[in-house]
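For reference, the structure is listed below as structure tokens.
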Amino acid sequence: MKINFILIGVLFIACAVCGCSSQAKNRALSAVITEPSEASNIELQDAIASLVGQKQILIAKDAFTQNNSLTIERMAHRAQNGQLINGRVIEKPQLFYLVIRDGQCIVKNSESNEEKILQVTKCRVQ
Amino acid sequence: MKLSLNNSVNKTLSAIILTSTVLLSACGGSNGSYSTTTSNTYTWVAGTFVDDSKLDNLCIGTSNGSALTEKLWLRSWSDDTYLWYNEIDDQSPAAFSISDYFSELKTNALTPSGKLKDQFHFSMSTQEWNLLNQSGASLGFGINYHFQQKDVSLAIPRKITISYTDPNTPASIENISRGTIIIAVDGVNVESADDDTSIATLNNGLFPESEGQEVVFTLQNFGESESFDITLIAEKVVSTPVQHVKTIDTDNGKVGYLQFNSHIATAEKGLVDAITDLEAENISDLVLDLRYNGGGLLDLASQLGYMIAGEATIGKTFEKLTFNDKYPTKNPVTGSTLQPSPFHSQTIGFNAGLLSAGQGLPTLNLTRLFVLTTANTCSASESLMNSLRGIDIEVIQIGETTCGKPYGFYPTPNCGTTYFSVQFKGENEQGFGDYADGFMPSQTPSFQSEVQGCVVVDDFSKTLGDETEALLAAALIYSADDSRTCPEVSANKQARHAFIPNITDSAFILEDKRPQSVFFNNRIVTPK
């Protein structure tokens with residue numbers, strides 16, 4: 001009987017540790033891009049464009065290299081005289097995060113929580 | 001997403017003759033199953049309007065839509081939400097194309113100075129309007145151009161001057177400085193170009209469409225006669241909206257200066273850092289350089305208002321939106337009750353990785369502010385000026401008349417086109433928002449849209465933030481004592497109305513047609 005209790009206890013601890021380990025393994029951590037390249041930039045542009053339902057989007061080459069967030073705004077359309085067509089913007093910009101989970105770089109929309117796994121892009125925990 | 005317009009209940013449905021033929025035919029005998037076919041026909045009747053929601057997306061080329069239904073939608077939508085709906089001449093749409101009809105759905109009234117009251121009536125494809133980019137990112141060289149229109153009658157030549165460059169861009173790396181004149185682009189002379197091919201070459205060089213595109217600029221430094229060639233390679237560049245933050249020692253204490261170019265998301269961190277630094281320097285005055293700031297996020301203007309005036313903004317209105325008289329208490333687009341928006345005293349966290357939301361903003365707690373302006377100072381920048389004046393912060397304007405845009409709109413799509421029609425006006429704490437002619441600096445202001453200050457023309461001979469640059473120098477002179485002295489250079493000049501290019505021939509326009517544009521779409525005309 002005593003042995004059974006010990007076994008159950010060991011099993012419980014083992015499961016708990018296992019669970020913790022699994023949880024840590026699946027946890028998404030803030031990340032930054034380590035080796036930005038033409039290919040990673042194209043991949044990032046395609047991923048974010050896909051997340052916002054656009055065909056293309058312009059992202060700078062150093063995006064996500066200094067910090068894990070990126071703001072996306074509507075392009076600045078201008079009238080013939082150079083003035084912004086909409087110079088009084090009420091619409092909130094969209095925010096994206098770069099995270100790393102299970103060794104994979106993932107770009108994530110902060111509002112919708114939709115995400116895309118980046119295959120080519122290399123990143124590390126921030 | 002289509003914005004629905006609520007509460008248009010007062011519209012007279014009988015205004016549009018609606019012929020509905022409902023054909024019901026029994027199927028399957030007595031089992032009670034029916035198929036229904038509905039055919040609606042809308043026509044124009046002067047002075048009467050159908051609810052625009054009934055005309056939503058009844059598009060040309062579809063089974064239930066036509067050019068007429070698209071035009072009738074525009075007409076009803078304008079009648080419902082256009083700020084000056086009762087100044088529209090209700091014409092039959094029959095003789096107009098859809099886009100031409102939209103152009104008619106606006107007021108032709110003039111401002112007190114004689115310019116068109118509504119110069120903000122636009123449309124573009126919804127696909128183009130929906131294009132996004134990283135905040136501040138674009139393809140180019142990091143150059144901000146100032147275009148001078150050619151005017152034969154006044155013997156003014158076409159001229160492109162570099163107003164400023166952004167740091168860490170091809171232009172700044174090559175030490176191309178403010179005031180540099182662009183003589184030629186890829187061998188085409190800017191001043192004399194007068195044919196399609198030449199204009200196309202200029203456009204292609206000024207506004208590159210592909211990364212790696214090499215462009216040969218023939219430049220002339222300010223005040224020099226010799227020109228030189230330099231090749232720049234287009235790349236993705238990111239603008240720096242807050243630049244040249246500095247303090248200047250004067251006899252009356254330290255004066256802070258900052259150049260604020262655009263109300264984009266990344267400016268939040270830049271402004272907080274700048275104001276934090278200036279607060280630590282215990283400045284007694286601030287010169288805010290808005291001369292190239294055409295607006296953007298209103299929330300940023302509200303935050304900056306707090307960061308300048310601090311306690312004076314508590315409980316006060318930054319701006320209140322007012323719509324047409326059909327909607328005295330309700331926003332016709334969102335349906336929400338109209339309420340004044342306050343000055344934001346906390347961070348919003350537009351880029352939370354750089355600056356998280358909910359932190360208290362720094363503030364200078366100033367009671368007066370110097371703003372440097374040109375005709376490019378517009379929209380949210382004017383809103384900032386107006387809101388501070390509304391809470392009795394002394395705003396002193398140095399420079400030229402601002403663009404005059406107290407108006408705004410909710411871009412509204414229909415049938416693949418997004419329409420921009422003025423729907424609201426922004427008013428300050430005191431209910432003032434009538435500055436369609438722009439804010440004009442004046443030593444003896446007599447109208448509310450005239451602002452105490454000095455008329456000074458933009459000075460390309462000096463870098464921005466240079467204490468001898470004409471606008472900043474004038475602000476420093478003005479702030480030095482209570483005599484409110486303006487520099488002599490501006491003594492004989494009158495406050496000018498906002499510059500609107502005289503575009504007469506679209507065939508010879510220099511313009512940025514790229515969808516990723518964040519450059520000025522300035523256009524230059526070769527008069528025939």
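To be explicit about the labels: the chains of the structure tokens are called A, B, and onward in the order shown, and within each one the residues are counted from 1, while ligands get numbers from 1 in the order they are shown.
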Residues of chain A within 6 Å of chain B: nearest atom pair and distance (Å, one decimal) for each, counting only C-alpha atoms, sorted by chain and number, as a tab-separated table?
```
residue	atom	partner	partner_atom	distance
A:Ile57	CA	B:Asn133	CA	5.3
A:Leu58	CA	B:Asn133	CA	4.8
A:Ile59	CA	B:Gln134	CA	5.3
A:Ala60	CA	B:Lys236	CA	5.7
A:Asn68	CA	B:Gly353	CA	6.0
A:Ser69	CA	B:Gly353	CA	4.9
A:Thr71	CA	B:Ser135	CA	5.6
A:Ile72	CA	B:Gln134	CA	4.5
A:Glu73	CA	B:Ser135	CA	5.5
A:Arg74	CA	B:Leu132	CA	4.4
A:Met75	CA	B:Leu132	CA	5.1
A:Ala76	CA	B:Val518	CA	5.1
A:Arg78	CA	B:Asn521	CA	5.5
A:Gln80	CA	B:Asn522	CA	5.6
A:Asn81	CA	B:Asn522	CA	5.4
A:Gly82	CA	B:Asn522	CA	4.6
A:Gly87	CA	B:Gly295	CA	4.5
A:Arg88	CA	B:Gly296	CA	5.2
A:Val89	CA	B:Leu297	CA	4.5
```
Limited to C-alpha atoms, could you put the picked residues into a file as a PDB file, in the first residue's frame?
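Okay, out.pdb is ready:
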```pdb
ATOM      1  CA  ILE A  57       3.152  45.256 -48.416  1.00  0.00           C
ATOM      2  CA  LEU A  58       6.344  47.254 -48.022  1.00  0.00           C
ATOM      3  CA  ILE A  59       8.499  46.243 -45.058  1.00  0.00           C
ATOM      4  CA  ALA A  60      11.962  47.655 -44.406  1.00  0.00           C
ATOM      5  CA  ASN A  68       9.872  42.440 -31.655  1.00  0.00           C
ATOM      6  CA  SER A  69       7.092  44.733 -32.872  1.00  0.00           C
ATOM      7  CA  THR A  71       3.458  48.931 -36.921  1.00  0.00           C
ATOM      8  CA  ILE A  72       1.577  48.821 -40.203  1.00  0.00           C
ATOM      9  CA  GLU A  73      -0.287  51.867 -41.472  1.00  0.00           C
ATOM     10  CA  ARG A  74      -2.283  52.821 -44.492  1.00  0.00           C
ATOM     11  CA  MET A  75      -0.112  54.320 -47.190  1.00  0.00           C
ATOM     12  CA  ALA A  76       0.085  58.077 -47.332  1.00  0.00           C
ATOM     13  CA  ARG A  78      -1.548  62.527 -51.531  1.00  0.00           C
ATOM     14  CA  GLN A  80      -2.126  66.758 -56.683  1.00  0.00           C
ATOM     15  CA  ASN A  81      -1.012  69.662 -54.519  1.00  0.00           C
ATOM     16  CA  GLY A  82       1.012  67.389 -52.260  1.00  0.00           C
ATOM     17  CA  GLY A  87      -4.569  64.183 -42.901  1.00  0.00           C
ATOM     18  CA  ARG A  88      -6.876  63.535 -39.967  1.00  0.00           C
ATOM     19  CA  VAL A  89      -6.559  59.835 -39.285  1.00  0.00           C
TER      20      VAL A  89
END
```
Report task. Could you please write out, as a PyMOL selection string, every residue of stretch 97-145 of chain B that DSSP assigns to alpha helix (DSSP H)? Result -> chain B and resi 98-104+126-129
Query raised in the report: Of the candidates B:Thr107, B:Ser479, B:Asn428, B:Asn204, which shows the shortest atom-to-atom distance to B:Asp79, using only C-alpha atoms?
Result: B:Thr107
Test item: residues at most 10 Å from A:Lys122, only C-alpha atoms, excluding those fewer than 4 positions along its chain, as a short mmCIF file (atom, residue, chain, number, x, y, z; two decimals) with N, CA and C atoms, in the first residue's frame:
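New file selection.cif:
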```cif
data_model
loop_
_atom_site.label_atom_id
_atom_site.label_comp_id
_atom_site.auth_asym_id
_atom_site.auth_seq_id
_atom_site.Cartn_x
_atom_site.Cartn_y
_atom_site.Cartn_z
N ALA A 31 10.80 37.77 -30.02
CA ALA A 31 12.00 37.44 -30.81
C ALA A 31 12.41 38.60 -31.72
N VAL A 32 13.64 38.53 -32.15
CA VAL A 32 14.14 39.47 -33.17
C VAL A 32 14.84 38.68 -34.26
N ILE A 33 14.87 39.25 -35.46
CA ILE A 33 15.52 38.58 -36.58
C ILE A 33 17.03 38.72 -36.45
N THR A 34 17.72 37.62 -36.65
CA THR A 34 19.18 37.64 -36.46
C THR A 34 19.96 37.82 -37.75
N GLU A 35 19.47 37.27 -38.82
CA GLU A 35 20.21 37.36 -40.08
C GLU A 35 19.28 37.86 -41.19
N PRO A 36 18.98 39.16 -41.17
CA PRO A 36 18.07 39.66 -42.21
C PRO A 36 18.68 39.51 -43.59
N SER A 37 17.87 39.11 -44.53
CA SER A 37 18.35 38.91 -45.90
C SER A 37 17.22 39.26 -46.86
N SER A 40 14.54 36.67 -46.43
CA SER A 40 13.73 36.79 -45.20
C SER A 40 12.81 37.99 -45.28
N ILE A 100 9.07 33.54 -31.08
CA ILE A 100 9.71 32.26 -31.38
C ILE A 100 9.04 31.20 -30.51
N GLY A 103 11.24 26.75 -31.54
CA GLY A 103 12.32 26.97 -32.48
C GLY A 103 11.88 27.59 -33.80
N GLN A 104 10.61 27.91 -33.92
CA GLN A 104 10.12 28.51 -35.18
C GLN A 104 9.85 30.00 -35.01
N CYS A 105 10.24 30.76 -36.01
CA CYS A 105 9.93 32.20 -36.01
C CYS A 105 8.50 32.37 -36.51
N LEU A 118 7.39 31.51 -40.19
CA LEU A 118 8.40 31.92 -41.17
C LEU A 118 9.40 30.78 -41.33
#
```
Closest atom pairs, stretch 14-100 of chain A residues within 7 Å of stretch 110-114 of chain A, only C-alpha atoms, as JSON lines:
```
{"residue": "A:Leu51", "atom": "CA", "partner": "A:Glu114", "partner_atom": "CA", "distance": 7.0}
{"residue": "A:Leu95", "atom": "CA", "partner": "A:Ser110", "partner_atom": "CA", "distance": 5.6}
{"residue": "A:Phe96", "atom": "CA", "partner": "A:Ser110", "partner_atom": "CA", "distance": 5.5}
{"residue": "A:Tyr97", "atom": "CA", "partner": "A:Ser110", "partner_atom": "CA", "distance": 6.7}
```
Report summary line: note - atom CA of B:Pro241 and atom CA of B:Leu271 are separated by 8.8 Å
**Report entry** Nearby residues (only C-alpha atoms) at most 8 Å from A:Ala28, same-chain spacing under 5 positions excluded, as a list in words
**Finding:**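 Those residues are Val99, Ile100, Arg101 and Asp102 of chain A.
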Please produce a file of those selected residues containing C-alpha atoms, as a PDB file, in the first residue's frame.
```pdb
ATOM      1  CA  VAL A  99       7.766  35.490 -31.566  1.00  0.00           C
ATOM      2  CA  ILE A 100       9.706  32.258 -31.381  1.00  0.00           C
ATOM      3  CA  ARG A 101       7.987  29.039 -30.407  1.00  0.00           C
ATOM      4  CA  ASP A 102       9.374  25.549 -30.606  1.00  0.00           C
TER       5      ASP A 102
END
```
Requested in this report: Have a look at atom CA of B:Ala357 and atom CA of A:Lys61 and let me know their distance in Å, one decimal.
Outcome: 26.1 Å
Requested in this report: Please provide the set of residues having any atom within 9 Å of A:Glu43, restricted to only C-alpha atoms, with same-chain residues fewer than 2 positions apart removed, written as a PyMOL selection string.
Outcome: chain A and resi 38-41+45-48+118-121
Export N, CA, C and O atoms of the chosen residues as a PDB file, in the first residue's frame?
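New file out-v2.pdb:
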```pdb
ATOM      1  N   GLU A  38      17.552  39.274 -48.119  1.00  0.00           N
ATOM      2  CA  GLU A  38      16.534  39.543 -49.140  1.00  0.00           C
ATOM      3  C   GLU A  38      15.409  38.516 -49.037  1.00  0.00           C
ATOM      4  O   GLU A  38      14.221  38.864 -49.080  1.00  0.00           O
ATOM      5  N   ALA A  39      15.811  37.269 -48.858  1.00  0.00           N
ATOM      6  CA  ALA A  39      14.810  36.192 -48.793  1.00  0.00           C
ATOM      7  C   ALA A  39      13.932  36.326 -47.553  1.00  0.00           C
ATOM      8  O   ALA A  39      12.709  36.133 -47.622  1.00  0.00           O
ATOM      9  N   SER A  40      14.542  36.671 -46.428  1.00  0.00           N
ATOM     10  CA  SER A  40      13.734  36.785 -45.199  1.00  0.00           C
ATOM     11  C   SER A  40      12.807  37.994 -45.284  1.00  0.00           C
ATOM     12  O   SER A  40      11.686  37.969 -44.784  1.00  0.00           O
ATOM     13  N   ASN A  41      13.274  39.042 -45.951  1.00  0.00           N
ATOM     14  CA  ASN A  41      12.435  40.234 -46.100  1.00  0.00           C
ATOM     15  C   ASN A  41      11.222  39.931 -46.975  1.00  0.00           C
ATOM     16  O   ASN A  41      10.093  40.338 -46.666  1.00  0.00           O
ATOM     17  N   GLN A  45       7.383  40.063 -45.771  1.00  0.00           N
ATOM     18  CA  GLN A  45       6.384  40.880 -46.490  1.00  0.00           C
ATOM     19  C   GLN A  45       5.187  40.029 -46.907  1.00  0.00           C
ATOM     20  O   GLN A  45       4.037  40.425 -46.743  1.00  0.00           O
ATOM     21  N   ASP A  46       5.489  38.842 -47.430  1.00  0.00           N
ATOM     22  CA  ASP A  46       4.413  37.951 -47.876  1.00  0.00           C
ATOM     23  C   ASP A  46       3.549  37.508 -46.696  1.00  0.00           C
ATOM     24  O   ASP A  46       2.319  37.442 -46.807  1.00  0.00           O
ATOM     25  N   ALA A  47       4.195  37.208 -45.573  1.00  0.00           N
ATOM     26  CA  ALA A  47       3.462  36.724 -44.399  1.00  0.00           C
ATOM     27  C   ALA A  47       2.518  37.797 -43.869  1.00  0.00           C
ATOM     28  O   ALA A  47       1.339  37.536 -43.593  1.00  0.00           O
ATOM     29  N   ILE A  48       3.035  39.021 -43.737  1.00  0.00           N
ATOM     30  CA  ILE A  48       2.195  40.095 -43.189  1.00  0.00           C
ATOM     31  C   ILE A  48       1.110  40.476 -44.191  1.00  0.00           C
ATOM     32  O   ILE A  48      -0.042  40.718 -43.810  1.00  0.00           O
ATOM     33  N   LEU A 118       7.394  31.512 -40.194  1.00  0.00           N
ATOM     34  CA  LEU A 118       8.397  31.922 -41.172  1.00  0.00           C
ATOM     35  C   LEU A 118       9.401  30.782 -41.332  1.00  0.00           C
ATOM     36  O   LEU A 118       9.996  30.333 -40.346  1.00  0.00           O
ATOM     37  N   GLN A 119       9.588  30.333 -42.537  1.00  0.00           N
ATOM     38  CA  GLN A 119      10.453  29.180 -42.784  1.00  0.00           C
ATOM     39  C   GLN A 119      11.903  29.581 -43.012  1.00  0.00           C
ATOM     40  O   GLN A 119      12.827  28.885 -42.579  1.00  0.00           O
ATOM     41  N   VAL A 120      12.087  30.683 -43.699  1.00  0.00           N
ATOM     42  CA  VAL A 120      13.444  31.084 -44.098  1.00  0.00           C
ATOM     43  C   VAL A 120      14.092  31.977 -43.047  1.00  0.00           C
ATOM     44  O   VAL A 120      15.298  31.926 -42.808  1.00  0.00           O
ATOM     45  N   THR A 121      13.282  32.770 -42.396  1.00  0.00           N
ATOM     46  CA  THR A 121      13.781  33.796 -41.479  1.00  0.00           C
ATOM     47  C   THR A 121      14.374  33.173 -40.211  1.00  0.00           C
ATOM     48  O   THR A 121      13.775  32.283 -39.615  1.00  0.00           O
TER      49      THR A 121
END
```
Query raised in the report: To one decimal place, how far is atom CA of B:Leu464 from atom CA of B:Asn261 in Å?
Result: 11.5 Å
Requested in this report: Return as a PyMOL selection string the full set of residues in stretch 14-219 of chain B whose backbone-based DSSP assignment is strand (DSSP E).
Outcome: chain B and resi 19-27+33-41+122-125+132-134+137-140+143-148+159-165+181-185+188-189+214-219
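Considering only C-alpha atoms, the residue among B:Val152, B:Val216, B:Thr240, B:Asp186 positioned nearest to B:Leu202 is B:Asp186.
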Requested in this report: Compare A:Ala79, A:Leu29, A:Leu70, A:Val52 by their minimum atom-to-atom distance to A:Lys116, counting only C-alpha atoms, and give me the closest one.
Outcome: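 Answer, going by the shortest atom-to-atom distance: A:Val52.
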